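S.K.: Input file: protein.txt. Contents: compact mmCIF, C-alpha atoms.
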# COMPACT_ATOMS: atom_id res chain seq x y z
CA MET A 1 41.53 10.67 -76.35
CA THR A 2 40.21 7.24 -75.41
CA ALA A 3 39.70 6.10 -71.81
CA MET A 4 40.50 2.38 -71.97
CA THR A 5 39.18 -0.49 -69.85
CA PRO A 6 40.89 -3.86 -69.19
CA GLY A 7 41.12 -5.84 -72.41
CA SER A 8 40.17 -2.96 -74.72
CA ASN A 9 42.41 -2.00 -77.62
CA ILE A 10 42.94 0.87 -80.03
CA PRO A 11 44.71 1.07 -83.41
CA LEU A 12 47.83 3.22 -83.31
CA SER A 13 47.59 6.24 -85.57
CA VAL A 14 51.29 7.12 -85.18
CA THR A 15 54.49 5.16 -85.76
CA ARG A 16 56.29 6.25 -82.60
CA VAL A 17 54.44 5.98 -79.29
CA ALA A 18 55.43 6.64 -75.70
CA VAL A 19 53.72 4.96 -72.76
CA ASP A 20 54.23 6.81 -69.49
CA VAL A 21 52.96 5.53 -66.15
CA ALA A 22 52.22 7.89 -63.25
CA ALA A 23 51.17 7.28 -59.62
CA PRO A 24 51.34 9.16 -56.31
CA VAL A 25 54.65 7.38 -55.57
CA ARG A 26 57.85 6.78 -57.50
CA LEU A 27 57.47 3.94 -60.04
CA ASP A 28 59.96 1.78 -61.90
CA VAL A 29 58.82 1.46 -65.52
CA SER A 30 60.21 -1.22 -67.83
CA GLY A 31 59.54 -2.78 -71.23
CA LEU A 32 60.00 -6.28 -72.63
CA LEU A 33 60.12 -7.27 -76.30
CA LEU A 34 58.33 -10.58 -76.83
CA THR A 35 58.18 -13.08 -79.65
CA ALA A 36 55.08 -15.01 -80.74
CA ASP A 37 55.59 -17.49 -77.88
CA GLY A 38 55.44 -14.68 -75.33
CA LYS A 39 59.11 -14.77 -74.33
CA VAL A 40 62.13 -12.50 -74.67
CA ARG A 41 64.84 -13.63 -77.05
CA SER A 42 67.77 -12.57 -74.85
CA ASP A 43 68.84 -10.03 -72.23
CA ASP A 44 68.77 -7.32 -74.92
CA ASP A 45 64.96 -7.49 -74.94
CA PHE A 46 64.61 -6.24 -71.34
CA ILE A 47 64.54 -2.43 -71.34
CA PHE A 48 64.86 -0.53 -68.06
CA TYR A 49 66.79 2.33 -66.45
CA ASN A 50 70.10 0.44 -66.46
CA GLN A 51 69.65 -0.78 -70.06
CA PRO A 52 67.72 2.09 -71.62
CA ALA A 53 67.93 1.25 -75.31
CA GLY A 54 66.97 -1.79 -77.37
CA ALA A 55 65.82 -2.65 -80.88
CA GLY A 56 63.05 -0.14 -81.56
CA VAL A 57 62.29 0.30 -77.83
CA SER A 58 63.82 2.68 -75.29
CA TYR A 59 63.43 3.80 -71.68
CA ARG A 60 62.91 7.53 -71.08
CA SER A 61 63.42 9.07 -67.66
CA GLY A 62 61.01 11.80 -66.62
CA GLY A 63 63.87 13.55 -64.85
CA GLY A 64 61.74 14.28 -61.82
CA GLY A 65 59.35 16.52 -63.74
CA ALA A 66 57.33 13.86 -65.54
CA PRO A 67 56.63 10.11 -65.29
CA ASP A 68 59.14 7.67 -66.76
CA ALA A 69 58.11 6.13 -70.09
CA ILE A 70 58.78 3.34 -72.57
CA VAL A 71 59.07 4.60 -76.15
CA VAL A 72 58.29 2.26 -79.05
CA ASP A 73 59.23 2.99 -82.66
CA THR A 74 57.08 0.42 -84.43
CA SER A 75 58.97 0.95 -87.70
CA ALA A 76 62.21 -0.11 -86.00
CA VAL A 77 60.94 -3.13 -84.05
CA PRO A 78 62.84 -6.15 -85.47
CA PRO A 79 61.11 -9.03 -87.28
CA GLY A 80 59.91 -11.74 -84.92
CA ILE A 81 58.91 -9.31 -82.15
CA GLU A 82 55.14 -9.23 -81.97
CA LYS A 83 54.51 -7.55 -78.64
CA ILE A 84 56.08 -4.99 -76.28
CA VAL A 85 54.71 -5.10 -72.73
CA VAL A 86 55.05 -2.06 -70.48
CA THR A 87 55.40 -2.87 -66.77
CA ALA A 88 55.41 -0.81 -63.59
CA SER A 89 56.26 -1.47 -59.95
CA PRO A 90 56.58 0.85 -56.92
CA ASP A 91 60.18 1.84 -56.29
CA ALA A 92 59.78 1.32 -52.52
CA ALA A 93 60.46 -2.29 -51.56
CA GLY A 94 57.33 -4.22 -50.60
CA GLN A 95 54.85 -1.46 -51.42
CA THR A 96 51.66 -2.63 -53.10
CA PHE A 97 49.44 -0.75 -55.54
CA GLN A 98 46.58 -0.58 -53.07
CA GLY A 99 45.45 3.04 -52.88
CA ILE A 100 48.03 4.24 -55.42
CA GLU A 101 46.49 3.05 -58.68
CA PRO A 102 48.72 4.06 -61.60
CA THR A 103 47.57 5.69 -64.83
CA ALA A 104 49.21 4.86 -68.14
CA THR A 105 49.00 7.40 -70.94
CA ILE A 106 49.71 6.36 -74.51
CA ARG A 107 51.07 9.32 -76.45
CA SER A 108 52.59 10.27 -79.76
CA ALA A 109 56.32 10.21 -79.05
CA ASP A 110 56.83 13.06 -81.52
CA ASP A 111 54.41 15.74 -80.29
CA GLY A 112 53.34 14.35 -76.90
CA SER A 113 49.64 14.33 -77.76
CA ALA A 114 47.63 11.81 -75.73
CA LEU A 115 45.98 8.95 -77.63
CA ALA A 116 44.54 6.98 -74.71
CA THR A 117 44.69 6.52 -70.94
CA PHE A 118 44.22 3.47 -68.74
CA THR A 119 43.92 3.11 -64.96
CA PRO A 120 43.74 -0.53 -63.80
CA PRO A 121 40.80 -0.90 -61.38
CA GLN A 122 40.53 -2.65 -58.02
CA LEU A 123 44.20 -3.19 -57.23
CA GLY A 124 45.26 -4.63 -53.90
CA ALA A 125 48.21 -6.90 -53.09
CA GLU A 126 49.90 -6.43 -56.47
CA THR A 127 53.49 -5.17 -56.30
CA ALA A 128 53.99 -5.10 -60.08
CA LEU A 129 51.77 -4.79 -63.14
CA VAL A 130 51.79 -5.41 -66.84
CA VAL A 131 50.00 -2.17 -67.58
CA VAL A 132 49.61 -2.05 -71.36
CA GLU A 133 51.00 -3.79 -74.41
CA ILE A 134 51.85 -2.61 -77.89
CA TYR A 135 51.23 -5.50 -80.28
CA LEU A 136 51.21 -6.42 -83.97
CA ARG A 137 48.05 -7.91 -85.45
CA ASN A 138 47.53 -8.59 -89.17
CA GLY A 139 50.31 -6.20 -90.10
CA ALA A 140 48.98 -3.31 -87.98
CA TRP A 141 50.18 -2.08 -84.59
CA LYS A 142 47.68 -1.68 -81.76
CA ALA A 143 47.65 -0.92 -78.03
CA ARG A 144 45.78 -2.99 -75.45
CA ALA A 145 44.96 -2.21 -71.81
CA VAL A 146 46.05 -5.14 -69.62
CA GLY A 147 46.37 -4.41 -65.88
CA GLN A 148 47.65 -7.91 -65.03
CA GLY A 149 48.99 -7.95 -61.46
CA TYR A 150 51.83 -9.85 -59.80
CA ALA A 151 52.23 -10.33 -56.06
CA ASN A 152 56.01 -10.80 -56.12
CA GLY A 153 57.21 -7.64 -57.82
CA LEU A 154 59.18 -7.20 -60.99
CA ALA A 155 60.76 -10.62 -60.44
CA GLY A 156 57.39 -12.25 -61.10
CA ILE A 157 56.93 -10.41 -64.36
CA ALA A 158 60.49 -11.07 -65.49
CA THR A 159 60.37 -14.81 -64.92
CA ASP A 160 56.92 -15.07 -66.50
CA PHE A 161 58.38 -13.77 -69.76
CA GLY A 162 61.50 -15.93 -69.65
CA VAL A 163 63.95 -13.58 -67.91
CA SER A 164 66.09 -15.07 -65.14
CA VAL A 165 66.78 -13.11 -61.97
CA ASP A 166 69.48 -13.14 -59.29
CA GLU A 167 67.31 -14.49 -56.52
CA GLU A 168 64.50 -17.02 -56.54
CA PRO A 169 61.09 -15.28 -56.36
CA ALA A 170 59.42 -15.75 -52.98
CA ALA A 171 55.87 -16.26 -54.25
CA ALA A 172 54.04 -17.32 -57.36
CA PRO A 173 52.70 -14.54 -59.61
CA VAL A 174 49.02 -13.83 -59.82
CA ALA A 175 49.21 -15.02 -63.43
CA ALA A 176 50.45 -18.35 -64.81
CA ALA A 177 53.55 -20.24 -63.63
CA PRO A 178 56.81 -18.95 -65.17
CA PRO A 179 58.47 -20.74 -68.09
CA ALA A 180 62.13 -21.74 -68.16
CA PRO A 181 64.34 -18.61 -67.89
CA VAL A 182 67.03 -17.27 -70.16
CA ALA A 183 69.93 -14.95 -69.36
CA ALA A 184 69.09 -11.40 -68.32
CA PRO A 185 70.83 -8.15 -67.38
CA VAL A 186 71.48 -7.49 -63.73
CA ASP A 187 68.81 -5.16 -62.35
CA PRO A 188 69.07 -4.59 -58.58
CA ARG A 189 65.29 -4.14 -58.40
CA LEU A 190 64.56 -7.67 -59.66
CA ALA A 191 64.99 -9.38 -56.30
CA ALA A 192 61.67 -10.55 -54.92
CA ALA A 193 60.29 -7.89 -52.60
CA PRO A 194 59.63 -8.59 -48.91
CA PRO A 195 56.00 -8.93 -47.83
CA ALA A 196 54.09 -5.66 -47.78
CA PRO A 197 52.27 -4.39 -44.70
CA SER A 198 48.62 -5.41 -44.63
CA ALA A 199 47.36 -1.85 -44.86
CA PRO A 200 49.96 0.38 -46.53
CA PRO A 201 49.54 4.05 -45.70
CA ALA A 202 48.48 6.49 -48.35
CA ALA A 203 51.24 8.61 -49.84
CA PRO A 204 51.09 12.39 -49.80
CA ALA A 205 49.80 13.93 -52.99
CA ALA A 206 52.37 14.21 -55.77
CA ALA A 207 53.03 17.46 -57.51
CA PRO A 208 50.73 18.04 -60.51
CA GLY A 209 51.90 16.24 -63.62
CA THR A 210 54.47 14.07 -61.81
CA GLY A 211 54.49 10.57 -60.38
CA LYS A 212 56.24 11.28 -57.08
CA ILE A 213 56.57 13.65 -54.15
CA ASN A 214 59.18 16.40 -54.09
CA LEU A 215 60.15 19.22 -51.74
CA ASP A 216 58.34 22.06 -53.53
CA LYS A 217 55.69 22.31 -50.80
CA GLY A 218 58.19 22.26 -47.95
CA ARG A 219 58.83 19.67 -45.25
CA VAL A 220 57.64 16.14 -46.02
CA SER A 221 56.58 13.65 -43.34
CA LEU A 222 57.02 10.10 -44.62
CA GLN A 223 55.40 6.87 -43.57
CA LYS A 224 56.94 3.45 -44.09
CA ASN A 225 57.77 2.65 -47.75
CA GLN A 226 56.98 6.18 -48.97
CA THR A 227 59.49 8.01 -51.15
CA VAL A 228 60.35 11.67 -51.68
CA SER A 229 62.57 13.08 -54.42
CA LEU A 230 65.19 15.51 -53.13
CA VAL A 231 64.14 18.04 -55.74
CA LYS A 232 62.93 21.58 -55.11
CA GLY A 233 61.83 23.99 -57.80
CA GLY A 234 62.52 21.35 -60.45
CA ARG A 235 66.23 21.19 -59.59
CA PRO A 236 68.08 18.43 -57.68
CA LEU A 237 69.06 19.34 -54.12
CA LEU A 238 72.82 18.83 -54.54
CA SER A 239 73.94 20.60 -51.35
CA GLN A 240 75.09 19.19 -48.03
CA VAL A 241 72.42 17.39 -46.05
CA LYS A 242 72.41 15.85 -42.59
CA MET A 243 70.66 12.66 -41.59
CA GLY A 244 69.77 13.03 -37.94
CA LEU A 245 68.79 9.89 -36.04
CA GLY A 246 67.29 9.98 -32.58
CA TRP A 247 65.73 7.75 -29.95
CA GLU A 248 64.71 7.74 -26.31
CA PRO A 249 64.58 4.87 -23.79
CA ALA A 250 61.10 3.43 -23.42
CA PHE A 251 61.59 3.20 -19.66
CA ARG A 252 62.53 6.33 -17.73
CA GLY A 253 65.92 6.29 -16.07
CA LYS A 254 67.31 3.54 -18.28
CA ASP A 255 70.15 4.18 -20.71
CA ILE A 256 70.08 2.62 -24.15
CA ASP A 257 73.15 2.58 -26.38
CA LEU A 258 72.27 2.54 -30.07
CA ASP A 259 74.62 3.12 -32.99
CA ALA A 260 73.65 4.93 -36.20
CA SER A 261 75.46 4.06 -39.42
CA VAL A 262 75.25 4.51 -43.17
CA ILE A 263 76.21 1.81 -45.68
CA ALA A 264 77.25 2.82 -49.20
CA TYR A 265 76.61 0.63 -52.26
CA GLY A 266 77.39 0.60 -55.96
CA PRO A 267 74.84 0.13 -58.78
CA ASN A 268 74.91 -3.68 -58.51
CA ARG A 269 74.31 -3.62 -54.74
CA ASN A 270 78.04 -4.10 -54.17
CA HIS A 271 79.19 -2.90 -50.73
CA LEU A 272 81.56 0.08 -50.98
CA ASP A 273 82.04 1.16 -47.36
CA SER A 274 80.29 1.74 -44.03
CA CYS A 275 80.35 4.90 -41.91
CA TYR A 276 79.79 4.34 -38.15
CA PHE A 277 81.25 5.22 -34.75
CA GLY A 278 84.41 3.23 -35.56
CA LYS A 279 84.92 4.87 -38.96
CA LEU A 280 83.68 8.44 -38.93
CA SER A 281 84.46 9.37 -42.55
CA ILE A 282 84.08 7.48 -45.85
CA LEU A 283 84.04 8.16 -49.61
CA ASN A 284 86.86 10.72 -49.36
CA GLY A 285 85.01 12.74 -46.74
CA ALA A 286 81.70 12.94 -48.63
CA ILE A 287 80.04 11.16 -45.68
CA LYS A 288 80.93 11.96 -42.05
CA HIS A 289 79.60 10.64 -38.73
CA SER A 290 79.15 12.82 -35.61
CA GLY A 291 80.37 10.13 -33.21
CA ASP A 292 78.81 7.71 -30.75
CA ASN A 293 76.02 8.58 -28.29
CA LEU A 294 76.05 6.13 -25.40
CA THR A 295 72.70 6.81 -23.71
CA GLY A 296 70.04 8.26 -26.00
CA GLU A 297 69.22 10.83 -23.33
CA GLY A 298 68.58 14.47 -24.13
CA ALA A 299 66.59 16.36 -26.72
CA GLY A 300 67.43 16.48 -30.41
CA ASP A 301 69.31 14.12 -32.67
CA ASP A 302 71.41 11.50 -30.90
CA GLU A 303 73.72 10.90 -33.86
CA VAL A 304 74.12 12.85 -37.09
CA ILE A 305 75.57 11.74 -40.40
CA VAL A 306 76.56 14.53 -42.82
CA VAL A 307 76.21 13.67 -46.51
CA ASP A 308 77.61 15.94 -49.22
CA LEU A 309 75.50 14.76 -52.16
CA GLY A 310 77.54 16.86 -54.58
CA ARG A 311 80.76 15.04 -53.58
CA ILE A 312 79.43 11.49 -53.57
CA PRO A 313 81.55 9.59 -56.13
CA ALA A 314 79.83 8.30 -59.24
CA GLU A 315 80.25 4.67 -58.21
CA ALA A 316 78.12 5.20 -55.09
CA THR A 317 74.42 5.04 -56.00
CA GLY A 318 72.75 3.82 -52.80
CA LEU A 319 73.00 4.75 -49.10
CA VAL A 320 71.17 2.83 -46.37
CA PHE A 321 70.89 4.39 -42.89
CA THR A 322 70.74 1.89 -40.06
CA VAL A 323 70.54 1.79 -36.26
CA ASN A 324 71.89 -1.09 -34.17
CA SER A 325 71.88 -2.06 -30.49
CA PHE A 326 75.41 -3.27 -29.81
CA THR A 327 74.55 -4.11 -26.20
CA GLY A 328 71.67 -6.34 -27.29
CA GLN A 329 68.72 -4.23 -26.14
CA LYS A 330 65.68 -4.72 -28.38
CA PHE A 331 63.80 -1.96 -30.20
CA THR A 332 60.78 -2.73 -28.03
CA GLU A 333 62.82 -0.91 -25.35
CA VAL A 334 63.12 2.21 -27.54
CA ALA A 335 60.70 5.13 -27.71
CA LYS A 336 60.39 7.88 -30.30
CA ALA A 337 62.93 6.52 -32.77
CA TYR A 338 63.10 8.69 -35.88
CA CYS A 339 65.28 9.91 -38.70
CA ARG A 340 65.17 13.28 -40.40
CA LEU A 341 66.93 14.86 -43.36
CA ILE A 342 68.16 18.40 -42.75
CA ASP A 343 69.57 21.08 -45.05
CA ALA A 344 73.08 21.45 -43.60
CA ALA A 345 73.37 25.05 -44.80
CA THR A 346 70.15 26.38 -43.29
CA GLY A 347 69.28 23.82 -40.60
CA GLU A 348 65.84 23.39 -42.20
CA GLU A 349 64.22 19.99 -41.71
CA LEU A 350 63.35 18.64 -45.17
CA VAL A 351 62.06 15.11 -44.55
CA ARG A 352 61.08 13.24 -41.38
CA PHE A 353 60.23 9.60 -40.69
CA ASP A 354 58.98 8.53 -37.26
CA LEU A 355 59.29 4.83 -36.49
CA THR A 356 55.81 4.04 -35.16
CA GLY A 357 56.16 0.28 -34.72
CA ALA A 358 58.79 -1.84 -32.97
CA GLU A 359 59.94 -5.45 -33.07
CA PRO A 360 62.10 -7.37 -30.56
CA GLN A 361 65.17 -7.11 -32.81
CA THR A 362 68.57 -5.44 -32.42
CA GLY A 363 68.81 -3.66 -35.78
CA VAL A 364 66.61 -1.54 -38.01
CA MET A 365 67.03 -0.10 -41.50
CA MET A 366 65.59 3.40 -41.14
CA ALA A 367 65.87 4.94 -44.61
CA LYS A 368 67.68 4.78 -47.93
CA LEU A 369 68.90 7.38 -50.41
CA ILE A 370 68.98 6.15 -54.01
CA LYS A 371 70.55 8.01 -56.92
CA GLN A 372 68.19 7.94 -59.89
CA PHE A 373 69.09 7.48 -63.55
CA SER A 374 68.39 11.20 -64.03
CA GLY A 375 70.96 12.13 -61.35
CA GLU A 376 68.54 13.16 -58.61
CA TRP A 377 68.39 11.44 -55.21
CA ASP A 378 65.28 9.85 -53.69
CA MET A 379 64.76 9.14 -49.99
CA THR A 380 62.58 6.20 -48.95
CA ALA A 381 61.41 5.48 -45.41
CA MET A 382 62.09 1.83 -44.51
CA GLY A 383 61.54 0.84 -40.86
CA ASP A 384 62.58 -2.78 -41.50
CA PHE A 385 63.92 -4.71 -38.49
CA VAL A 386 66.91 -7.06 -38.64
CA LYS A 387 68.60 -9.36 -36.13
CA SER A 388 72.02 -7.69 -36.00
CA ARG A 389 73.93 -5.88 -33.26
CA THR A 390 76.54 -4.36 -35.60
CA VAL A 391 76.62 -2.54 -38.93
CA ARG A 392 78.59 -5.47 -40.39
CA GLY A 393 75.53 -7.68 -40.01
CA MET A 394 73.39 -5.08 -41.79
CA VAL A 395 75.38 -5.05 -45.04
CA LYS A 396 73.66 -8.03 -46.68
CA PRO A 397 70.02 -7.29 -45.68
CA ALA A 398 70.47 -3.62 -46.60
CA ALA A 399 71.79 -4.60 -50.04
CA GLN A 400 68.76 -6.81 -50.56
CA ALA A 401 66.50 -3.89 -49.63
CA LEU A 402 67.89 -1.58 -52.33
As structure tokens - that is how I would like this structure written.

M.R.:
Amino acid sequence: MTAMTPGSNIPLSVTRVAVDVAAPVRLDVSGLLLTADGKVRSDDDFIFYNQPAGAGVSYRSGGGGAPDAIVVDTSAVPPGIEKIVVTASPDAAGQTFQGIEPTATIRSADDGSALATFTPPQLGAETALVVVEIYLRNGAWKARAVGQGYANGLAGIATDFGVSVDEEPAAAPVAAAPPAPVAAPVDPRLAAAPPAPSAPPAAPAAAPGTGKINLDKGRVSLQKNQTVSLVKGGRPLLSQVKMGLGWEPAFRGKDIDLDASVIAYGPNRNHLDSCYFGKLSILNGAIKHSGDNLTGEGAGDDEVIVVDLGRIPAEATGLVFTVNSFTGQKFTEVAKAYCRLIDAATGEELVRFDLTGAEPQTGVMMAKLIKQFSGEWDMTAMGDFVKSRTVRGMVKPAAQAL
């Protein structure tokens, strides 16, 4: 097996290859089929979890037990396609690759044997990468290590190769300016990511052989933008869970009235419904709210939202948990705000996120649960502040954060 360096290439000894990309956090892996001018021909040439099959190229989910991969059958790649680029970006919005350098492994798609590996060096502010490319040269297929970074997420990569996106990218890519776009499939991850924190915290170690954290080792304590898969023993955790949200006033003797809510979305970030103190049950009872706490005083969770993951309807693929100050008090007046995911059957705390920073805003997106292509659910800590006193004002920013 060859350990590749940026710019190096190897001839491919097999017709069908798979490129998987692993990191200590959950990654989104995609592939683009490019012509000689370095552009896609149409939306069919963008391969990702929501469009998993194309001409000679397919997306393969790791199912929680292995990294996701792009599979290339060089014998089936159509004439005119000279290159397939494999990209990766952290699933958590705004997270950079600093400290979580990914490793791509080029394998035989038939027997899984490794042909080469590549870990891009010295990554920092990049939120998306072109990791490797499979390309045709003088009638023979080869693989090249690239490691080209983009500071504006998957949107930067997409526009650079001629794919249009829903929203205008917020910053120029590290590479060249993008050419004129063509039509593309709707991918909710293509929106330009918000700025990343200057020093993103290191993620807990992933389980051996996987690219993300799961619950096999027990309770997980998340930091902002970190993700955990709700999988234990290799099987999705499809039982009832509770999201407990709690807070205390920053100044003794002062009440603070915050409201916890959950907003449900479909696969295209379409708003389905919101569960809050004024609507205690949504999605046919799959999500239920405990009711309003008016002071924040007392130990334990202030408000609890029960989520029956097994009863969530198929059209609901994203849940964003929010907290708002209806009375206008700012989060700089709040102490010890947190959210925690609990096994409803046993009372065991599975995941916890403590909000360590505060901003003078009236709303915060605490966490999100996202249903993966494989059917499992991932929880990501957010901690993103918003100017909104009600859940209604959180619907749009929460959709953009999915």

S.K.: Could you work out how far atom CA of A:Arg311 lies from atom CA of A:Met365, giving the answer in Å with one decimal?

M.R.: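 Going from atom CA of A:Met365 over to atom CA of A:Arg311 covers 23.7 Å.
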
S.K.: Within 7 Å of A:Tyr265, counting all atoms listed in the file, which residues qualify if same-chain residues fewer than 5 places away don't, as an mmCIF file with C-alpha atoms, in the coordinates of the input?

M.R.:
data_model
loop_
_atom_site.group_PDB
_atom_site.id
_atom_site.type_symbol
_atom_site.label_atom_id
_atom_site.label_comp_id
_atom_site.auth_asym_id
_atom_site.auth_seq_id
_atom_site.Cartn_x
_atom_site.Cartn_y
_atom_site.Cartn_z
ATOM 1 C CA ASN A 270 78.040 -4.100 -54.170
ATOM 2 C CA HIS A 271 79.190 -2.900 -50.730
ATOM 3 C CA LEU A 272 81.560 0.080 -50.980
ATOM 4 C CA ALA A 316 78.120 5.200 -55.090
ATOM 5 C CA THR A 317 74.420 5.040 -56.000
ATOM 6 C CA GLY A 318 72.750 3.820 -52.800
ATOM 7 C CA LEU A 319 73.000 4.750 -49.100
#

S.K.: Pick out the closest residue to A:Asp354 from this set: A:Leu222, A:Leu136, A:Val77, A:Leu283. Count all atoms listed in the file.

M.R.: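 Closest to A:Asp354 of all the choices is A:Leu222.
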
S.K.: As an exercise, work out the distance from atom CA of A:Ser388 to atom CA of A:Thr96 in Å and give it to one decimal place.

M.R.: 27.1 Å

S.K.: When you look at A:Phe118 with a cut-off of 8 Å (counting only C-alpha atoms), what residues show up, excluding the ones that are within fewer than 3 positions of it in the same chain? I need them as a ChimeraX atom specification.

M.R.: /A:3-5,103-105,145

S.K.: What does the distance between atom CA of A:Val307 and atom CA of A:Ile263 come to in Å, to one decimal place?

M.R.: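 We find that atom CA of A:Val307 and atom CA of A:Ile263 lie 11.9 Å from each other.
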
S.K.: Name the residues in contact with A:Ala69 at a cut-off of 8 Å, using only C-alpha atoms, excluding same-chain residues fewer than 5 positions from it; report them as a PyMOL selection string.

M.R.: chain A and resi 18-21+29-30+59-62

S.K.: Hey, what's within 10 Å of stretch 372-378 of chain A if we count all atoms listed in the file and toss same-chain stuff fewer than 5 positions away? As a VMD selection string, please?

M.R.: chain A and resid 26 49 to 50 52 60 to 64 91 212 to 214 227 to 231 235 to 238 309 314 317 to 318

S.K.: So which residues touch A:Pro78 within 12 Å, counting all atoms listed in the file, skipping near sequence neighbours fewer than 5 positions away, as a PyMOL selection string?

M.R.: chain A and resi 33-35+41+45+54-57+72-73+83-84+136

S.K.: Once you have the residues from the selection above, write them out as a compact mmCIF listing (two decimals), keeping the file's coordinate frame, restricted to C-alpha atoms.

M.R.:
# COMPACT_ATOMS: atom_id res chain seq x y z
CA LEU A 33 60.12 -7.27 -76.30
CA LEU A 34 58.33 -10.58 -76.83
CA THR A 35 58.18 -13.08 -79.65
CA ARG A 41 64.84 -13.63 -77.05
CA ASP A 45 64.96 -7.49 -74.94
CA GLY A 54 66.97 -1.79 -77.37
CA ALA A 55 65.82 -2.65 -80.88
CA GLY A 56 63.05 -0.14 -81.56
CA VAL A 57 62.29 0.30 -77.83
CA VAL A 72 58.29 2.26 -79.05
CA ASP A 73 59.23 2.99 -82.66
CA LYS A 83 54.51 -7.55 -78.64
CA ILE A 84 56.08 -4.99 -76.28
CA LEU A 136 51.21 -6.42 -83.97

S.K.: Could you tell me which of A:Arg219, A:Lys232, A:Lys224, A:Lys387 comes closest to A:Gln361 if we count all atoms listed in the file?

M.R.: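 Residue with the minimum atom-to-atom distance to A:Gln361: A:Lys387.
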
S.K.: Restricting the calculation to all atoms listed in the file, which member of A:Leu32, A:Asp216, A:Gly139, A:Val262 is positioned closest to A:Ile157?

M.R.: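 Closest to A:Ile157, using all atoms listed in the file: A:Leu32.
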
S.K.: Identify which of the residues A:Cys339, A:Leu350, A:Leu402, A:Val395 lies closest to A:Ser274, counting all atoms listed in the file when measuring atom-to-atom distances.

M.R.: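 The shortest atom-to-atom distance to A:Ser274 comes from A:Val395.
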
S.K.: Between A:Glu101, A:Glu133, A:Glu359, A:Asp257, which one has atoms that come closest to A:Val386, using all atoms listed in the file?

M.R.: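 For A:Val386, the nearest of the given residues is A:Glu359.
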